[in-house]
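J.: Sharing a structure here in structure tokens format.
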Amino acid sequence: MKRSLSRRNVLSSAILAATATAVPQTLFAAEESAMEEVAVVGSRIQRNAEFETATPIQVMDREALEKAGYTNLQQMFEKNPAAGNGTFSTRGNNQDSTANGAAAVSLRGMGADATLVLVNGKRVAISAFAESITTNFVDINTIPIAAVERVEVLKDGASAIYGSDAVAGVVNLVLRKDFEGTEIAVDYGGADGYDEQSVSAVWGINSDDANLTVIFDHHTNSTLASVERNGLDTADQSFRGGMDFRSSRGYPGRFIVDGETTIDPNCPDGNAFGQTCVYDYGPWTLLTPESERTGVLMLGHAQLTDNLEFFSELAVQHNTSIAQGAPTPLDEDAGLTVPINHPNNPFAGATSIGVGRYRTVDAGARQWDIETDNLRGVFGLRGSIADWDWEASVQRSRSESTQSGDRSQGWVRTDFLQEEIDAGRYNPFGGVQNPQSVIDAITTSLVRQGKSELRSVDFTINGELFDTSNGAIAMAAGLEHREEKASDIPDDQFQRGLIFGTESVSASASRDISSAFVEFAIPLPANLDLTLAGRFDDYSDFGSTTNPMANLLWTASEQLSLRASWGTGFRAPSLAQIGLGPSEESLFFTDTYGCAINDAYCASTDYNIVFSGNPDLEAEESESFNIGAVIKPVDNMQLSVDLWSITQEGKIDEVPFGYLYSEFCNDQNSTVCVRSTPLPGESLGSLQSINSGFINIGEQTVSGIDLSMVYSALTVAGGDLGLRLDYSYLTEFERVELDSSGESFLKRDLAGEYEYPEHRWAASADWTRDTFAFTVGLNYIGEFEDTPDIDFDGTLDYDTNRSRIVDSFMTLNLQARYTGFENMVLSLGADNALDEEPPFAIGDGDSDLYGYVSSQHDPRGRFVYGKMTYSF
């Protein structure tokens with residue numbers, strides 16, 4: 001089934017290496033290979049391996065992965081200059097949105113749901129739990145690094161080829177296959193107070209017409225607590241010039257005594273703010289919760305006849321992890337009261353006592369045990385008929401997660417707590433430790449279950465239509481049908497309002513999608529190659545969409561090629577956005593309306609924002625273009641430069657918080673802004689929550705410049721030296737959104753603002769001599785402004801106020817390798833070898849409360865690792 005596709009004056013494989021930019025801190029290993037036909041991400045047409053493409057593609061092969069010393073794909077993408085804000089891992093997640101240990105990639109900073117992730121060119125099931133309530137994503141950590149042959153990254157919109165979600169680009173994880181023999185790898189690494197270890201094995205057997213490859217992977221990491229990193233273990237960052245984000249849910253707390261907000265008389269002086277006793281929940285947080293994952297992949301194929309082959313992929317993985325949050329916070333909305341005859345009542349003469357803001361610290365931290373099981377099976381046939389290649393396959397992919405907490409893990413039920421207070425057995429005053437028997441009586445067990453499923457069937461065909469004087473016109477076409485389902489079911493104790501202070505998510509939705517696409521590769525005179533593509537998608541829930549794409553490549557000479565691409569794209573509303581039930585997240589801000597009534601409401605406090613889905617959401621639409629060049633100025637040097645832009649319309653966003661607050665929160669009777677009953681003589685009660693949702697309201701334009709340089713085959717100190725630089729400059733991230741009045745739109749540019757550094761780059765040098773090799777890498781994340789909400793009133797104001805600057809962050813990475821032992825490779829390395837601390841940041845009052853920006857900077861510190869790989 002191998003054919004030779006005509007091609008005039010193509011660039012060499014080394015130039016392709018420059019176009020296929022490797023992921024940072026590693027060198028792309030360009031190797032001579034047979035003229036084999038391959039389909040690289042971004043096209044369905046098989047072409048010669050040295051065929052240049054008109055779209056910017058990054059490739060990281062197996063050798064580069066091993067040089068980098070990565071233990072998972074998350075680490076690789078976090079250091080990729082093309083992957084911006086939205087590339088996240090849940091290692092620092094102490095809430096309840098996504099299971100810890102999961103990770104996602106976001107190209108161009110446009111969000112994980114705008115980047116399509118494929119495995120061997122096919123979709124896989126999304127994570128069972130959404131991130132930040134509605135961000136559905138593919139967990140890249142479900143694919144073990146030992147199973148990856150190469151990573152392909154298309155940095156261009158590709159909905160015309162792949163459909164929804166390919167707005168900012170596509171990541172294709174190509175798995176190892178046709179392996180023969182056995183390979184065992186063991187690695188161990190650690191930082192101060194933290195360690196991780198992995199064991200993997202690859203086994204394969206070949207026959208004349210078949211292969212079976214089996215890959216086993218086991219990875220564990222320990223917990224890294226915030227108390228193990230100086231300065232990151234407190235919500236009060238005022239000693240560093242930051243904010244005091246300690247919670248108004250205190251221990252001791254505050255009470256409503258005869259209609260007056262009254263602080264607990266035993267509140268320490270340093271915690272008393274007016275009538276509020278604040279609490280520092282920072283020491284309870286985990287920077288990296290412990291996790292363990294075990295997986296097995298089996299890939300096989302067998303030649304049934306000369307023109308027919310059977311292939312299969314089967315993947316099973318089991319993950320466990322934990323999450324932890326500070327002890328249960330309670331507020332007025334819990335409706336708790338204390339009998340005036342309570343034996344520990346400190347308010348003599350009181351006629352009524354209500355619990356205002358309080359935290360059950362004596363019950364301990366709220367903890368989740370999380371288990372996730374992933375299953376994926378692909379079975380198909382491929383063959384050729386009259387020089388046309390075809391492939392048909394069926395797939396079922398599933399991800400199931402369960403979060404559970406028992407009575408020993410701090411889950412307090414308000415009705416049980418009220419019973420113990422009424423009986424005089426639980427003492428809510430003075431911040432005392434209640435007896436364990438009482439703690440057992442007020443706690444409960446919880447279970448949350450999530451599940452996502454993908455079922456699909458597809459058929460593709462590609463080949464040459466006819467020859468022209470300029471070469472053969474090739475075509476690829478295909479049909480696909482898939483069914484997607486997702487559900488997230490919280491414990492009914494959440495639904496009944498018996499559990500407080502914990503973010504909860506509820507969702508259920510399904511859809512069917514039918515698609516058809518066609519792609520043409522057309523050689524033109526003057527060394528021009530034109531690619532045209534189009535795709536039609538029909539969704540059962542929101543309708544249909546058609547998206548075209550056009551790419552043009554001009555091979556001017558062996559030293560220069562120019563390329564341009566244009567296309568439209570779309571992102572369907574996520575299943576979570578459509579099927580979301582009442583779900584909560586928290587946000588720190590100051591209730592300015594309430595503060596004007598009662599100074600007890602003046603402290604910046606974490607309030608609950610309650611979201612519900614919108615079944616009337618439309619798909620987001622996008623348009624992208626890229627103009628670039630690949631240059632070989634001298635022997636052994638390749639340069640590539642690309643100017644790119646993506647515009648997204650109808651972007652699905654939360655209803656602007658500033659609008660909701662200014663419009664509804666000065667009204668005691670509002671159903672949007674929920675307040676407790678006002679105290680006597682006051683017009684507004686204590687703010688409890690704000691109801692919100694999602695609408696097609698946003699628009700954004702993102703543009704930038706990518707630069708890559710590779711210089712290889714230098715001779716230094718008797719060895720071979722290779723150099724590489726990858727640089728990404730964010731020139732614009734313009735967002736149009738509704739202003740706080742809800743009556744007009746405003747335009748904001750996020751480039752250089754919080755979480756959006758303008759400059760990212762990575763440089764590396766790899767030196768090899770005989771049996772020794774040494775790699776040095778530098779990773780740089782540029783500076784950006786701090787505090788998008790400078791006064792923390794809940795309304796973003798980064799466009800009108802200039803904040804302090806969060807410093808740039810650069811880390812040094814080192815690795816040494818020795819291959820002198822037969823069939824064995826030994827590696828020793830260090831990430832962040834100089835032990836750089838993440839730069840200080842005041843934060844955003846939401847996810848970043850501890851003095852650093854968790855989405856950009858890793859607090860782990862110096863991580864030293866060793867690895868042994870043995871083959872036989």
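Letters A, B, ... go to the chains of the structure tokens in the order shown; residues in each chain start at 1; ligands are counted from 1 in the same order.
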Taking only residues of range 145-261 of chain A that have an atom at most 12 Å from an atom of range 776-797 of chain A, what is each one's shortest atom pair and its distance in Å to one decimal, using only C-alpha atoms, in chain and number order, as CSV?
T.:
```
residue,atom,partner,partner_atom,distance
A:Gly242,CA,A:Thr787,CA,9.9
A:Met243,CA,A:Phe792,CA,9.7
A:Asp244,CA,A:Phe792,CA,11.3
A:Phe245,CA,A:Phe792,CA,10.5
```
J.: Output N, CA and C atoms for every residue in the selection just made, as a compact mmCIF listing (two decimals), in the first residue's frame.
T.:
```
# COMPACT_ATOMS: atom_id res chain seq x y z
N GLY A 242 1.29 41.60 49.15
CA GLY A 242 0.10 41.11 48.49
C GLY A 242 -1.16 41.38 49.29
N MET A 243 -2.19 40.61 49.01
CA MET A 243 -3.50 40.77 49.64
C MET A 243 -3.66 39.80 50.81
N ASP A 244 -4.54 40.18 51.70
CA ASP A 244 -4.95 39.29 52.77
C ASP A 244 -6.24 38.62 52.34
N PHE A 245 -6.13 37.37 51.86
CA PHE A 245 -7.28 36.63 51.38
C PHE A 245 -7.79 35.64 52.42
```
J.: Find the residues near Ser43 in chain A: any atom within 9 Å, counting only C-alpha atoms, skip ones fewer than 2 places away on the same chain, and give them as a list in words.
T.: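 Using only C-alpha atoms, the neighbours found are Ala39, Val40, Val41, Ile45, Gln46, Thr53, Ala158, Ile161, Ala476 and Glu519 of chain A.
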J.: Could you write out the selected residues, including N, CA and C atoms, as a PDB file, in the first residue's frame?
T.:
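Output contents, as saved in selection-v9.pdb:
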```pdb
ATOM      1  N   ALA A  39       0.673  10.211   6.817  1.00  0.00           N
ATOM      2  CA  ALA A  39      -0.322  11.270   6.970  1.00  0.00           C
ATOM      3  C   ALA A  39       0.003  12.005   8.253  1.00  0.00           C
ATOM      4  N   VAL A  40       0.503  13.237   8.121  1.00  0.00           N
ATOM      5  CA  VAL A  40       0.860  14.039   9.277  1.00  0.00           C
ATOM      6  C   VAL A  40      -0.343  14.879   9.674  1.00  0.00           C
ATOM      7  N   VAL A  41      -0.470  15.202  10.953  1.00  0.00           N
ATOM      8  CA  VAL A  41      -1.604  15.962  11.441  1.00  0.00           C
ATOM      9  C   VAL A  41      -1.788  17.230  10.600  1.00  0.00           C
ATOM     10  N   ILE A  45      -4.311  13.425   3.533  1.00  0.00           N
ATOM     11  CA  ILE A  45      -3.678  12.882   2.340  1.00  0.00           C
ATOM     12  C   ILE A  45      -2.290  12.355   2.685  1.00  0.00           C
ATOM     13  N   GLN A  46      -2.034  11.121   2.329  1.00  0.00           N
ATOM     14  CA  GLN A  46      -0.716  10.543   2.558  1.00  0.00           C
ATOM     15  C   GLN A  46       0.274  11.107   1.545  1.00  0.00           C
ATOM     16  N   THR A  53       4.797  20.935   4.232  1.00  0.00           N
ATOM     17  CA  THR A  53       3.397  21.294   4.397  1.00  0.00           C
ATOM     18  C   THR A  53       3.243  22.805   4.431  1.00  0.00           C
ATOM     19  N   ALA A 158      -8.108  23.906  12.217  1.00  0.00           N
ATOM     20  CA  ALA A 158      -8.242  22.756  11.317  1.00  0.00           C
ATOM     21  C   ALA A 158      -9.620  22.119  11.393  1.00  0.00           C
ATOM     22  N   ILE A 161     -10.785  19.877   8.549  1.00  0.00           N
ATOM     23  CA  ILE A 161     -10.283  18.506   8.512  1.00  0.00           C
ATOM     24  C   ILE A 161     -10.858  17.673   9.646  1.00  0.00           C
ATOM     25  N   ALA A 476      -8.508  13.174  -0.558  1.00  0.00           N
ATOM     26  CA  ALA A 476      -8.919  12.362   0.586  1.00  0.00           C
ATOM     27  C   ALA A 476     -10.351  12.747   0.924  1.00  0.00           C
ATOM     28  N   GLU A 519     -10.774  16.632   0.841  1.00  0.00           N
ATOM     29  CA  GLU A 519      -9.531  17.405   0.768  1.00  0.00           C
ATOM     30  C   GLU A 519      -8.853  17.112  -0.571  1.00  0.00           C
TER      31      GLU A 519
END
```
J.: Within 7 Å of Ser676 in chain A, counting only C-alpha atoms, which residues qualify if same-chain residues fewer than 4 places away don't, as a PyMOL selection string?
T.: chain A and resi 332-333+685-688
J.: Include C-alpha atoms and write out the residues we just selected as a JSON list (two decimals), in the first residue's frame.
T.:
```json
[["chain", "number", "residue", "atom", "x", "y", "z"],
["A", 332, "GLU", "CA", -25.64, 32.74, 57.43],
["A", 333, "ASP", "CA", -27.30, 30.81, 54.63],
["A", 685, "GLY", "CA", -28.73, 41.11, 54.30],
["A", 686, "SER", "CA", -25.43, 39.25, 54.09],
["A", 687, "LEU", "CA", -24.58, 38.21, 50.53],
["A", 688, "GLN", "CA", -24.75, 34.43, 50.10]]
```
J.: Please report the interatomic distance between CA of Asn307 in chain A and CA of Asp389 in chain A in Å with one decimal.
T.: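 CA of Asp389 in chain A lies at a distance of 9.4 Å from CA of Asn307 in chain A.
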J.: Would you kindly return, as a VMD selection string, each protein, DNA or RNA residue with an atom no farther than 6 Å from any atom of Thr414 in chain A, considering only C-alpha atoms and excluding same-chain residues fewer than 2 positions away?
T.: chain A and resid 416 to 417 498
J.: Please extract the residues of range 662-726 of chain A with a backbone DSSP assignment of strand (DSSP E or B) and present them as JSON, numbers by chain.
T.: {"A": [673, 674, 675, 687, 688, 689, 690, 691, 692, 694, 695, 696, 697, 698, 699, 700, 701, 702, 703, 704, 705, 706, 707, 708, 709, 710, 711, 712, 713, 714, 715, 716, 719, 720, 721, 722, 723, 724, 725, 726]}
J.: Let me make sure I understand: among A:Lys451, A:Ala564, A:Ser712, A:Gln577, which one has the smallest atom-to-atom distance to Lys632 in chain A if we use only C-alpha atoms?
T.: A:Ser712
J.: Return as a tab-separated table the residues of range 571-650 of chain A lying at most 9 Å from range 822-846 of chain A, together with the closest atom-to-atom pair for each and the distance in Å to one decimal, counting only C-alpha atoms, with rows in chain order and ascending residue number.
T.:
```
residue	atom	partner	partner_atom	distance
A:Ser586	CA	A:Asp846	CA	7.2
A:Leu587	CA	A:Asp846	CA	5.2
A:Phe588	CA	A:Gly845	CA	5.0
A:Phe589	CA	A:Gly845	CA	7.1
A:Asp606	CA	A:Asp846	CA	8.5
```
J.: Please, what distance in Å, to one decimal, runs between CA of Val119 in chain A and CA of Val174 in chain A?
T.: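 Here the two named atoms are 6.1 Å from each other.
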J.: Could you pull the residues within 10 Å of Arg376 in chain A, counting only C-alpha atoms, minus those fewer than 3 positions along the same chain, as a PyMOL selection string?
T.: chain A and resi 124-125+297+313-317+395-399+453-455
J.: Keeping C-alpha atoms, export the residues of the selection given above as a short mmCIF file (atom, residue, chain, number, x, y, z; two decimals), in the first residue's frame.
T.:
```cif
data_model
loop_
_atom_site.label_atom_id
_atom_site.label_comp_id
_atom_site.auth_asym_id
_atom_site.auth_seq_id
_atom_site.Cartn_x
_atom_site.Cartn_y
_atom_site.Cartn_z
CA VAL A 124 -10.95 10.07 22.44
CA ALA A 125 -13.39 10.52 25.32
CA LEU A 297 -1.88 -0.51 25.87
CA GLU A 313 -5.80 -0.54 19.72
CA LEU A 314 -6.85 -1.33 23.25
CA ALA A 315 -5.99 0.91 26.21
CA VAL A 316 -6.90 0.48 29.87
CA GLN A 317 -5.80 2.81 32.66
CA GLN A 395 -14.22 2.99 18.40
CA ARG A 396 -15.53 3.07 21.90
CA SER A 397 -13.85 5.29 24.46
CA ARG A 398 -14.94 5.83 28.06
CA SER A 399 -13.76 7.70 31.14
CA GLU A 453 -18.46 8.16 26.54
CA LEU A 454 -17.54 8.36 22.89
CA ARG A 455 -18.70 5.91 20.24
#
```
